[in-house]
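K.L.:
Structure supplied as structure-v6.cif; contents: mmCIF, C-alpha atoms and all ligand atoms.
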data_my_file
#
loop_
_atom_site.label_atom_id
_atom_site.label_comp_id
_atom_site.auth_asym_id
_atom_site.auth_seq_id
_atom_site.Cartn_x
_atom_site.Cartn_y
_atom_site.Cartn_z
CA PRO A 1 48.03 103.16 158.84
CA HIS A 2 48.70 102.00 155.27
CA VAL A 3 45.69 103.12 153.23
CA LEU A 4 45.00 102.55 149.54
CA LEU A 5 42.42 104.83 147.92
CA LEU A 6 41.02 103.52 144.63
CA GLY A 7 38.66 105.20 142.19
CA ALA A 8 38.23 106.34 138.62
CA PRO A 9 39.75 109.58 137.35
CA GLY A 10 37.82 112.37 139.06
CA ALA A 11 36.41 110.18 141.85
CA GLY A 12 38.00 112.48 144.43
CA LYS A 13 41.13 110.52 145.32
CA GLY A 14 43.31 113.64 145.47
CA THR A 15 40.76 115.66 147.43
CA GLN A 16 40.21 112.92 150.00
CA SER A 17 43.83 111.75 150.23
CA LYS A 18 44.95 115.22 151.30
CA ARG A 19 42.38 115.21 154.10
CA LEU A 20 43.28 111.68 155.19
CA ALA A 21 46.98 112.48 155.25
CA GLU A 22 46.28 115.43 157.53
CA ALA A 23 43.81 113.66 159.81
CA PHE A 24 46.02 110.60 160.37
CA ASP A 25 49.34 112.41 160.09
CA ILE A 26 50.56 110.15 157.29
CA GLU A 27 52.22 110.72 153.91
CA HIS A 28 50.16 111.38 150.78
CA VAL A 29 51.85 109.26 148.11
CA THR A 30 50.48 110.08 144.66
CA THR A 31 51.93 108.92 141.37
CA GLY A 32 49.94 111.55 139.44
CA ASP A 33 51.53 114.48 141.32
CA ALA A 34 54.96 112.83 141.26
CA LEU A 35 54.74 112.38 137.49
CA ARG A 36 53.43 115.92 136.94
CA ALA A 37 56.44 117.22 138.88
CA ASN A 38 58.75 115.15 136.65
CA LYS A 39 56.93 115.39 133.33
CA ASP A 40 60.02 115.96 131.23
CA MET A 41 62.27 113.43 132.92
CA ASP A 42 64.17 111.40 130.33
CA ILE A 43 62.95 107.78 130.52
CA SER A 44 64.30 106.67 127.13
CA HIS A 45 66.91 104.43 128.79
CA MET A 46 64.02 102.33 130.12
CA ASP A 47 63.16 101.20 126.62
CA THR A 48 59.81 103.01 126.64
CA GLU A 49 57.66 103.98 123.67
CA TYR A 50 57.92 107.72 124.44
CA ASP A 51 60.87 109.58 125.96
CA THR A 52 59.01 111.43 128.75
CA PRO A 53 56.03 110.90 131.09
CA ARG A 54 54.43 114.01 129.55
CA ALA A 55 53.67 112.25 126.27
CA TYR A 56 51.74 109.46 128.02
CA MET A 57 49.90 111.78 130.37
CA GLU A 58 48.76 114.22 127.69
CA ALA A 59 47.35 111.28 125.74
CA GLY A 60 45.59 109.89 128.83
CA GLU A 61 47.64 106.67 128.66
CA LEU A 62 49.45 104.92 131.50
CA VAL A 63 53.11 105.76 132.06
CA PRO A 64 55.16 102.52 131.90
CA ASP A 65 55.16 100.36 135.04
CA ALA A 66 58.95 100.46 135.49
CA VAL A 67 58.85 104.24 135.92
CA VAL A 68 55.89 104.30 138.28
CA ASN A 69 56.94 101.30 140.37
CA GLU A 70 60.26 102.99 141.13
CA ILE A 71 58.50 106.19 142.27
CA VAL A 72 56.23 104.25 144.61
CA LYS A 73 58.99 102.08 146.02
CA THR A 74 61.09 105.10 146.96
CA ALA A 75 58.15 107.00 148.44
CA LEU A 76 56.94 104.06 150.55
CA GLN A 77 60.42 103.39 151.88
CA GLU A 78 60.45 106.91 153.25
CA ALA A 79 56.92 106.79 154.71
CA ASP A 80 55.81 105.35 158.01
CA GLY A 81 52.07 105.59 157.42
CA TYR A 82 50.69 106.57 154.03
CA VAL A 83 47.66 107.03 151.84
CA LEU A 84 48.41 105.83 148.33
CA ASP A 85 46.55 107.60 145.49
CA GLY A 86 46.72 106.80 141.76
CA TYR A 87 48.51 103.47 142.12
CA PRO A 88 48.16 100.55 141.39
CA ARG A 89 46.53 101.16 138.02
CA ASN A 90 46.85 97.67 136.55
CA LEU A 91 47.24 94.12 137.87
CA ASP A 92 51.02 94.08 137.37
CA GLN A 93 51.37 97.18 139.55
CA ALA A 94 49.11 95.56 142.16
CA GLU A 95 51.38 92.52 142.23
CA TYR A 96 54.46 94.71 142.58
CA LEU A 97 52.81 96.60 145.43
CA SER A 98 52.03 93.42 147.34
CA ASP A 99 55.74 92.53 147.18
CA ILE A 100 56.92 95.79 148.76
CA THR A 101 54.29 96.58 151.43
CA SER A 102 51.16 95.43 153.22
CA LEU A 103 47.87 97.34 153.30
CA ASP A 104 45.56 97.97 156.27
CA ALA A 105 42.63 99.41 154.32
CA VAL A 106 41.61 99.44 150.65
CA VAL A 107 38.86 101.98 149.98
CA PHE A 108 37.05 102.34 146.65
CA LEU A 109 35.32 105.64 145.88
CA ASP A 110 32.25 104.91 143.79
CA VAL A 111 31.16 107.70 141.39
CA SER A 112 29.03 107.50 138.23
CA GLU A 113 30.58 108.18 134.83
CA ALA A 114 28.47 111.29 134.13
CA GLU A 115 29.59 112.82 137.42
CA LEU A 116 33.25 111.95 136.69
CA VAL A 117 33.14 113.80 133.37
CA ASP A 118 31.55 116.89 134.98
CA ARG A 119 34.10 116.94 137.77
CA LEU A 120 37.14 116.57 135.53
CA THR A 121 36.16 119.02 132.80
CA GLY A 122 35.28 121.62 135.48
CA ARG A 123 38.39 121.13 137.58
CA ARG A 124 40.88 123.99 137.93
CA VAL A 125 44.21 123.72 139.76
CA CYS A 126 46.53 126.35 141.15
CA ASP A 127 49.62 126.71 139.00
CA ASP A 128 51.69 127.66 142.07
CA CYS A 129 50.54 125.54 145.03
CA GLY A 130 48.50 122.79 143.36
CA ALA A 131 45.26 123.53 145.28
CA ASN A 132 42.17 122.01 143.65
CA TYR A 133 38.96 123.82 142.63
CA HIS A 134 35.89 123.21 140.53
CA VAL A 135 34.21 125.95 138.51
CA GLU A 136 30.80 124.90 139.84
CA PHE A 137 31.22 122.61 142.88
CA SER A 138 34.03 124.42 144.73
CA PRO A 139 34.79 127.75 143.04
CA PRO A 140 37.44 130.13 144.39
CA ALA A 141 36.35 133.46 145.91
CA THR A 142 37.67 135.31 142.84
CA GLU A 143 37.39 133.61 139.44
CA GLY A 144 40.74 132.28 138.23
CA VAL A 145 42.63 133.13 141.44
CA CYS A 146 43.79 130.68 144.14
CA ASP A 147 42.25 131.36 147.60
CA GLU A 148 45.33 129.98 149.33
CA CYS A 149 48.20 131.69 147.56
CA GLY A 150 46.83 134.12 144.94
CA GLY A 151 48.28 132.01 142.09
CA ASP A 152 46.62 131.53 138.68
CA LEU A 153 44.11 128.72 138.28
CA ILE A 154 44.61 126.62 135.15
CA GLN A 155 43.06 123.55 133.54
CA ARG A 156 45.19 120.40 133.61
CA ASP A 157 46.43 119.33 130.14
CA ASP A 158 44.58 116.04 130.46
CA ASP A 159 41.22 117.51 131.57
CA SER A 160 39.94 118.31 128.07
CA GLU A 161 36.81 116.32 127.26
CA ASP A 162 38.50 114.03 124.69
CA THR A 163 41.38 113.12 127.01
CA VAL A 164 38.96 112.60 129.90
CA ARG A 165 37.05 110.04 127.79
CA GLU A 166 40.31 108.26 126.98
CA ARG A 167 41.36 108.23 130.66
CA LEU A 168 38.01 106.69 131.59
CA ARG A 169 38.46 104.04 128.88
CA VAL A 170 41.98 103.25 130.13
CA TYR A 171 40.57 103.04 133.66
CA GLU A 172 37.88 100.51 132.64
CA GLU A 173 40.38 98.39 130.77
CA ASN A 174 43.30 98.41 133.22
CA THR A 175 42.23 99.62 136.65
CA ALA A 176 38.70 98.24 137.08
CA PRO A 177 40.27 94.73 137.24
CA VAL A 178 42.45 95.96 140.14
CA VAL A 179 39.29 96.92 142.06
CA GLU A 180 37.87 93.44 141.37
CA HIS A 181 41.14 91.87 142.52
CA TYR A 182 40.89 93.51 145.96
CA ARG A 183 37.19 92.69 146.10
CA ASP A 184 37.96 89.01 145.46
CA GLU A 185 40.56 89.11 148.22
CA GLY A 186 37.81 90.36 150.56
CA VAL A 187 39.69 93.49 151.60
CA LEU A 188 37.81 96.12 149.57
CA VAL A 189 35.45 98.57 151.26
CA GLU A 190 33.22 100.68 149.07
CA VAL A 191 32.29 104.26 149.81
CA ASP A 192 29.70 106.38 148.00
CA GLY A 193 31.83 109.10 146.42
CA GLU A 194 28.93 111.30 145.34
CA GLY A 195 28.18 113.19 148.55
CA THR A 196 29.83 116.47 149.48
CA PRO A 197 33.58 116.28 150.14
CA ASP A 198 32.83 116.43 153.90
CA GLU A 199 30.33 113.56 153.70
CA VAL A 200 32.67 111.42 151.63
CA PHE A 201 35.51 112.12 154.04
CA ALA A 202 33.42 111.09 157.05
CA SER A 203 32.64 107.74 155.40
CA ILE A 204 36.26 107.07 154.47
CA ARG A 205 37.46 107.99 157.93
CA GLU A 206 35.00 105.57 159.50
CA GLU A 207 36.27 102.75 157.28
CA VAL A 208 39.91 103.50 158.01
CA ASP A 209 39.22 103.69 161.75
CA ALA A 210 37.43 100.36 161.61
CA ALA A 211 40.32 98.71 159.73
CA THR A 212 43.15 99.95 161.96
P1 LIG B 1 46.30 111.10 138.25
O1 LIG B 1 46.83 112.41 138.61
O2 LIG B 1 46.37 109.98 139.22
O3 LIG B 1 44.83 111.34 137.74
P2 LIG B 1 43.49 110.49 137.90
O4 LIG B 1 43.54 109.15 138.49
O5 LIG B 1 42.95 110.58 136.54
O6 LIG B 1 42.78 111.23 139.01
P3 LIG B 1 42.50 112.73 139.12
O7 LIG B 1 43.61 113.44 139.79
O8 LIG B 1 42.09 113.28 137.78
O9 LIG B 1 41.18 112.71 139.98
P4 LIG B 1 40.97 112.47 141.53
O10 LIG B 1 40.29 111.17 141.72
O11 LIG B 1 42.22 112.72 142.30
O12 LIG B 1 39.89 113.60 141.79
P5 LIG B 1 40.05 115.05 142.45
O13 LIG B 1 40.09 114.94 143.93
O14 LIG B 1 41.11 115.85 141.79
O15 LIG B 1 47.00 110.56 136.92
C1 LIG B 1 47.21 111.37 135.79
C2 LIG B 1 48.01 110.62 134.73
O16 LIG B 1 49.29 110.24 135.26
C3 LIG B 1 47.42 109.30 134.23
O17 LIG B 1 46.50 109.51 133.19
C4 LIG B 1 48.69 108.55 133.78
O18 LIG B 1 49.13 109.01 132.54
C5 LIG B 1 49.70 108.96 134.82
N1 LIG B 1 49.75 108.02 135.97
C6 LIG B 1 49.44 108.31 137.26
N2 LIG B 1 49.58 107.24 138.05
C7 LIG B 1 49.99 106.22 137.23
C8 LIG B 1 50.27 104.85 137.45
N3 LIG B 1 50.17 104.29 138.67
N4 LIG B 1 50.65 104.10 136.39
C9 LIG B 1 50.76 104.64 135.17
N5 LIG B 1 50.50 105.93 134.89
C10 LIG B 1 50.11 106.72 135.91
O19 LIG B 1 38.62 115.65 142.06
C11 LIG B 1 38.27 115.94 140.72
C12 LIG B 1 37.40 117.21 140.67
O20 LIG B 1 36.16 116.98 141.33
C13 LIG B 1 38.02 118.44 141.35
O21 LIG B 1 37.69 119.59 140.60
C14 LIG B 1 37.35 118.48 142.72
O22 LIG B 1 37.26 119.81 143.21
C15 LIG B 1 35.98 117.89 142.42
N6 LIG B 1 35.45 117.12 143.53
C16 LIG B 1 36.13 116.25 144.34
N7 LIG B 1 35.31 115.69 145.25
C17 LIG B 1 34.07 116.18 144.99
C18 LIG B 1 32.77 115.97 145.59
N8 LIG B 1 32.63 115.13 146.64
N9 LIG B 1 31.73 116.64 145.07
C19 LIG B 1 31.89 117.51 144.02
N10 LIG B 1 33.09 117.75 143.42
C20 LIG B 1 34.16 117.09 143.90
ZN ZN B 2 47.62 128.32 145.12
#
Could you take the file, read its structure, and then write that structure out as structure tokens?
P.N.:
Amino acid sequence: PHVLLLGAPGAGKGTQSKRLAEAFDIEHVTTGDALRANKDMDISHMDTEYDTPRAYMEAGELVPDAVVNEIVKTALQEADGYVLDGYPRNLDQAEYLSDITSLDAVVFLDVSEAELVDRLTGRRVCDDCGANYHVEFSPPATEGVCDECGGDLIQRDDDSEDTVRERLRVYEENTAPVVEHYRDEGVLVEVDGEGTPDEVFASIREEVDAAT
């Protein structure tokens, strides 16, 4: 299947996309991870305001469409089935996406703003393998140490409270209209994103099964 997972920063897109990719044996295509892996790539030839993705990400701003569209195009060409996470983030990206692929299911993870802030400021990620934790909701067995690989757990550069607020503002301004766009098209299904990760996954899975 071709699945699009939408939601605000911290809604659980990464957490749930990994599970979906495994359950349906499809690719997890995520612009956030792709950009983090290429933070210092020189994009100055694209006539951008800053020279690297890092500068945008650390400010909580969107990386320019030309950069992100290219990442997604390449990744989707190589994928049979996929779950797309972190894209499209504005209406121009949504239009680009509709030109290069067709979607079977568009799922929106609904989470309140207070919960989003708690989740993001408490998130810790493994510096080695990228595994995701939360200091309160899903702590590792040993504080600061990855259960999976023993690596150090760190806070993402953009998970400080100020940057989180800016990311949520950018989401409201640019990405909330994308959610409305799919709602208007009649293809959006909404899932309550505030249960446990297992509960949320069960709801998403049901929707994807129903759509495919
Ligand atoms: P990106 O990496 O996409 O970040 P995001 O959208 O802000 O989403 P997050 O990864 O922060 O949250 P998530 O929804 O995946 O939640 P998670 O599962 O981790 O983008 C980062 C930056 O890259 C952007 O700001 C931008 O600069 C750039 N960028 C990316 N895509 C772009 C694009 N298309 N165009 C332009 N720029 C782009 O969960 C969060 C926390 O909550 C974790 O600690 C987790 O353990 C916990 N948690 C998850 N589920 C639950 C639950 N059910 N109950 C309790 N806790 C939970
Ligand atoms: Zn690890």
K.L.:
What do you get as a PyMOL selection string if you pick all residues at most 6 Å from ligand ZN 2 (chain B), counting all atoms listed in the file?
P.N.:
chain A and resi 126+128-131+146+148-151
K.L.:
All residues within 7 Å of ligand LIG 1 (chain B) are required, counting only C-alpha atoms and all ligand atoms; please report them as JSON, numbers by chain.
P.N.:
{"A": [7, 8, 9, 10, 11, 12, 13, 14, 15, 16, 30, 31, 32, 33, 35, 56, 57, 60, 61, 62, 63, 64, 65, 68, 85, 86, 87, 88, 89, 119, 120, 122, 123, 124, 132, 133, 134, 137, 138, 167, 193, 194, 195, 196, 197, 200]}
K.L.:
Kindly extract all protein, DNA and RNA residues lying within 12 Å of the coordinates (57.0, 107.6, 125.6) given in the file, considering all atoms listed in the file, and supply them as a ChimeraX atom specification.
P.N.:
/A:39-59,61-64,67
K.L.:
Separation of CA of Leu84 (chain A) and CA of Val145 (chain A), in Å?
P.N.:
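Distance reported for this atom pair: 28.7 Å.
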K.L.:
Identify, on the basis of all atoms listed in the file, every residue whose closest approach to Val191 (chain A) does not exceed 8 Å; exclude the query and any residue fewer than 2 positions from it along the same chain; express the result as a ChimeraX atom specification.
P.N.:
/A:107-110,189,193,200,203-204
K.L.:
Nearest residue to Leu5 (chain A) out of A:Val83, A:Val187, A:Val117, A:Leu168, using all atoms listed in the file?
P.N.:
A:Val83
K.L.:
Measuring between all atoms listed in the file, which one of A:Ala94, A:Asn69, A:Lys18, A:Val125 shows the shortest distance to Val106 (chain A)?
P.N.:
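Closest residue, counting all atoms listed in the file: A:Ala94.
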K.L.:
List as a ChimeraX atom specification the residues having at least one atom at most 10 Å from position (38.4, 104.1, 159.1) as given in the file, counting all atoms listed in the file.
P.N.:
/A:1,3,20,104-105,107,201-212
K.L.:
Report the distance between CA of Thr142 (chain A) and CA of Asp127 (chain A) in Å, rounded to one decimal place.
P.N.:
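Taking CA of Thr142 (chain A) as the start and CA of Asp127 (chain A) as the end point, the length is 15.2 Å.
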K.L.:
How many Å lie between CA of Thr74 (chain A) and CA of Asn38 (chain A), rounded to one decimal?
P.N.:
14.6 Å
K.L.:
Mind working out the centre and edge lengths of an axis-aligned box for region 10-29 of chain A, all listed atoms inside, 4 Å added to each side, rounded to one decimal in Å and written as JSON?
P.N.:
{"center_x": 44.3, "center_y": 112.5, "center_z": 149.7, "size_x": 23.8, "size_y": 14.4, "size_z": 29.3}
K.L.:
Which of these residues is nearest to Glu180 (chain A), using all atoms listed in the file: A:Ser17, A:Asn90, A:Gln155, A:Asp118?
P.N.:
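Ranking A:Ser17, A:Asn90, A:Gln155, A:Asp118 by distance to Glu180 (chain A), first place goes to A:Asn90.
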K.L.:
So, with all atoms listed in the file as the atoms that count, which of A:Glu199, A:Asp157, A:Glu70, A:Asp184 lies closest to Tyr96 (chain A)?
P.N.:
A:Glu70
K.L.:
With all atoms listed in the file as the atoms that count, which of A:Ser98, A:His28, A:Ala37, A:Ala75 lies nearest to Tyr182 (chain A)?
P.N.:
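Ranking A:Ser98, A:His28, A:Ala37, A:Ala75 by distance to Tyr182 (chain A), first place goes to A:Ser98.
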K.L.:
Which is closer to Val178 (chain A) than all the others in A:Leu91, A:Val29, A:Leu153, A:Ala34, using all atoms listed in the file?
P.N.:
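Closest residue, counting all atoms listed in the file: A:Leu91.
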K.L.:
Generate N, CA and C atoms for region 84-97 of chain A and emit them as a PDB file, keeping the file's coordinate frame.
P.N.:
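Done, and the output landed in result_31.pdb:
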ATOM      1  N   LEU A  84      47.913 105.988 149.696  1.00  0.00           N
ATOM      2  CA  LEU A  84      48.410 105.830 148.330  1.00  0.00           C
ATOM      3  C   LEU A  84      47.273 106.155 147.363  1.00  0.00           C
ATOM      4  N   ASP A  85      47.571 107.035 146.393  1.00  0.00           N
ATOM      5  CA  ASP A  85      46.550 107.600 145.490  1.00  0.00           C
ATOM      6  C   ASP A  85      47.063 107.545 144.050  1.00  0.00           C
ATOM      7  N   GLY A  86      46.340 106.848 143.175  1.00  0.00           N
ATOM      8  CA  GLY A  86      46.720 106.800 141.760  1.00  0.00           C
ATOM      9  C   GLY A  86      47.530 105.564 141.378  1.00  0.00           C
ATOM     10  N   TYR A  87      47.710 104.680 142.310  1.00  0.00           N
ATOM     11  CA  TYR A  87      48.510 103.470 142.120  1.00  0.00           C
ATOM     12  C   TYR A  87      47.972 102.405 143.074  1.00  0.00           C
ATOM     13  N   PRO A  88      47.847 101.150 142.693  1.00  0.00           N
ATOM     14  CA  PRO A  88      48.160 100.550 141.390  1.00  0.00           C
ATOM     15  C   PRO A  88      47.052 100.768 140.364  1.00  0.00           C
ATOM     16  N   ARG A  89      47.454 100.881 139.111  1.00  0.00           N
ATOM     17  CA  ARG A  89      46.530 101.160 138.020  1.00  0.00           C
ATOM     18  C   ARG A  89      46.363  99.989 137.086  1.00  0.00           C
ATOM     19  N   ASN A  90      47.088  98.908 137.310  1.00  0.00           N
ATOM     20  CA  ASN A  90      46.850  97.670 136.550  1.00  0.00           C
ATOM     21  C   ASN A  90      47.284  96.508 137.461  1.00  0.00           C
ATOM     22  N   LEU A  91      46.986  95.283 137.007  1.00  0.00           N
ATOM     23  CA  LEU A  91      47.240  94.120 137.870  1.00  0.00           C
ATOM     24  C   LEU A  91      48.722  93.901 138.119  1.00  0.00           C
ATOM     25  N   ASP A  92      49.578  94.236 137.145  1.00  0.00           N
ATOM     26  CA  ASP A  92      51.020  94.080 137.370  1.00  0.00           C
ATOM     27  C   ASP A  92      51.510  95.011 138.474  1.00  0.00           C
ATOM     28  N   GLN A  93      51.002  96.241 138.473  1.00  0.00           N
ATOM     29  CA  GLN A  93      51.370  97.180 139.550  1.00  0.00           C
ATOM     30  C   GLN A  93      50.850  96.669 140.893  1.00  0.00           C
ATOM     31  N   ALA A  94      49.664  96.082 140.907  1.00  0.00           N
ATOM     32  CA  ALA A  94      49.110  95.560 142.160  1.00  0.00           C
ATOM     33  C   ALA A  94      49.989  94.440 142.713  1.00  0.00           C
ATOM     34  N   GLU A  95      50.508  93.614 141.800  1.00  0.00           N
ATOM     35  CA  GLU A  95      51.380  92.520 142.230  1.00  0.00           C
ATOM     36  C   GLU A  95      52.689  93.079 142.794  1.00  0.00           C
ATOM     37  N   TYR A  96      53.222  94.079 142.102  1.00  0.00           N
ATOM     38  CA  TYR A  96      54.460  94.710 142.580  1.00  0.00           C
ATOM     39  C   TYR A  96      54.238  95.290 143.976  1.00  0.00           C
ATOM     40  N   LEU A  97      53.112  95.974 144.142  1.00  0.00           N
ATOM     41  CA  LEU A  97      52.810  96.600 145.430  1.00  0.00           C
ATOM     42  C   LEU A  97      52.772  95.567 146.556  1.00  0.00           C
TER      43      LEU A  97
END
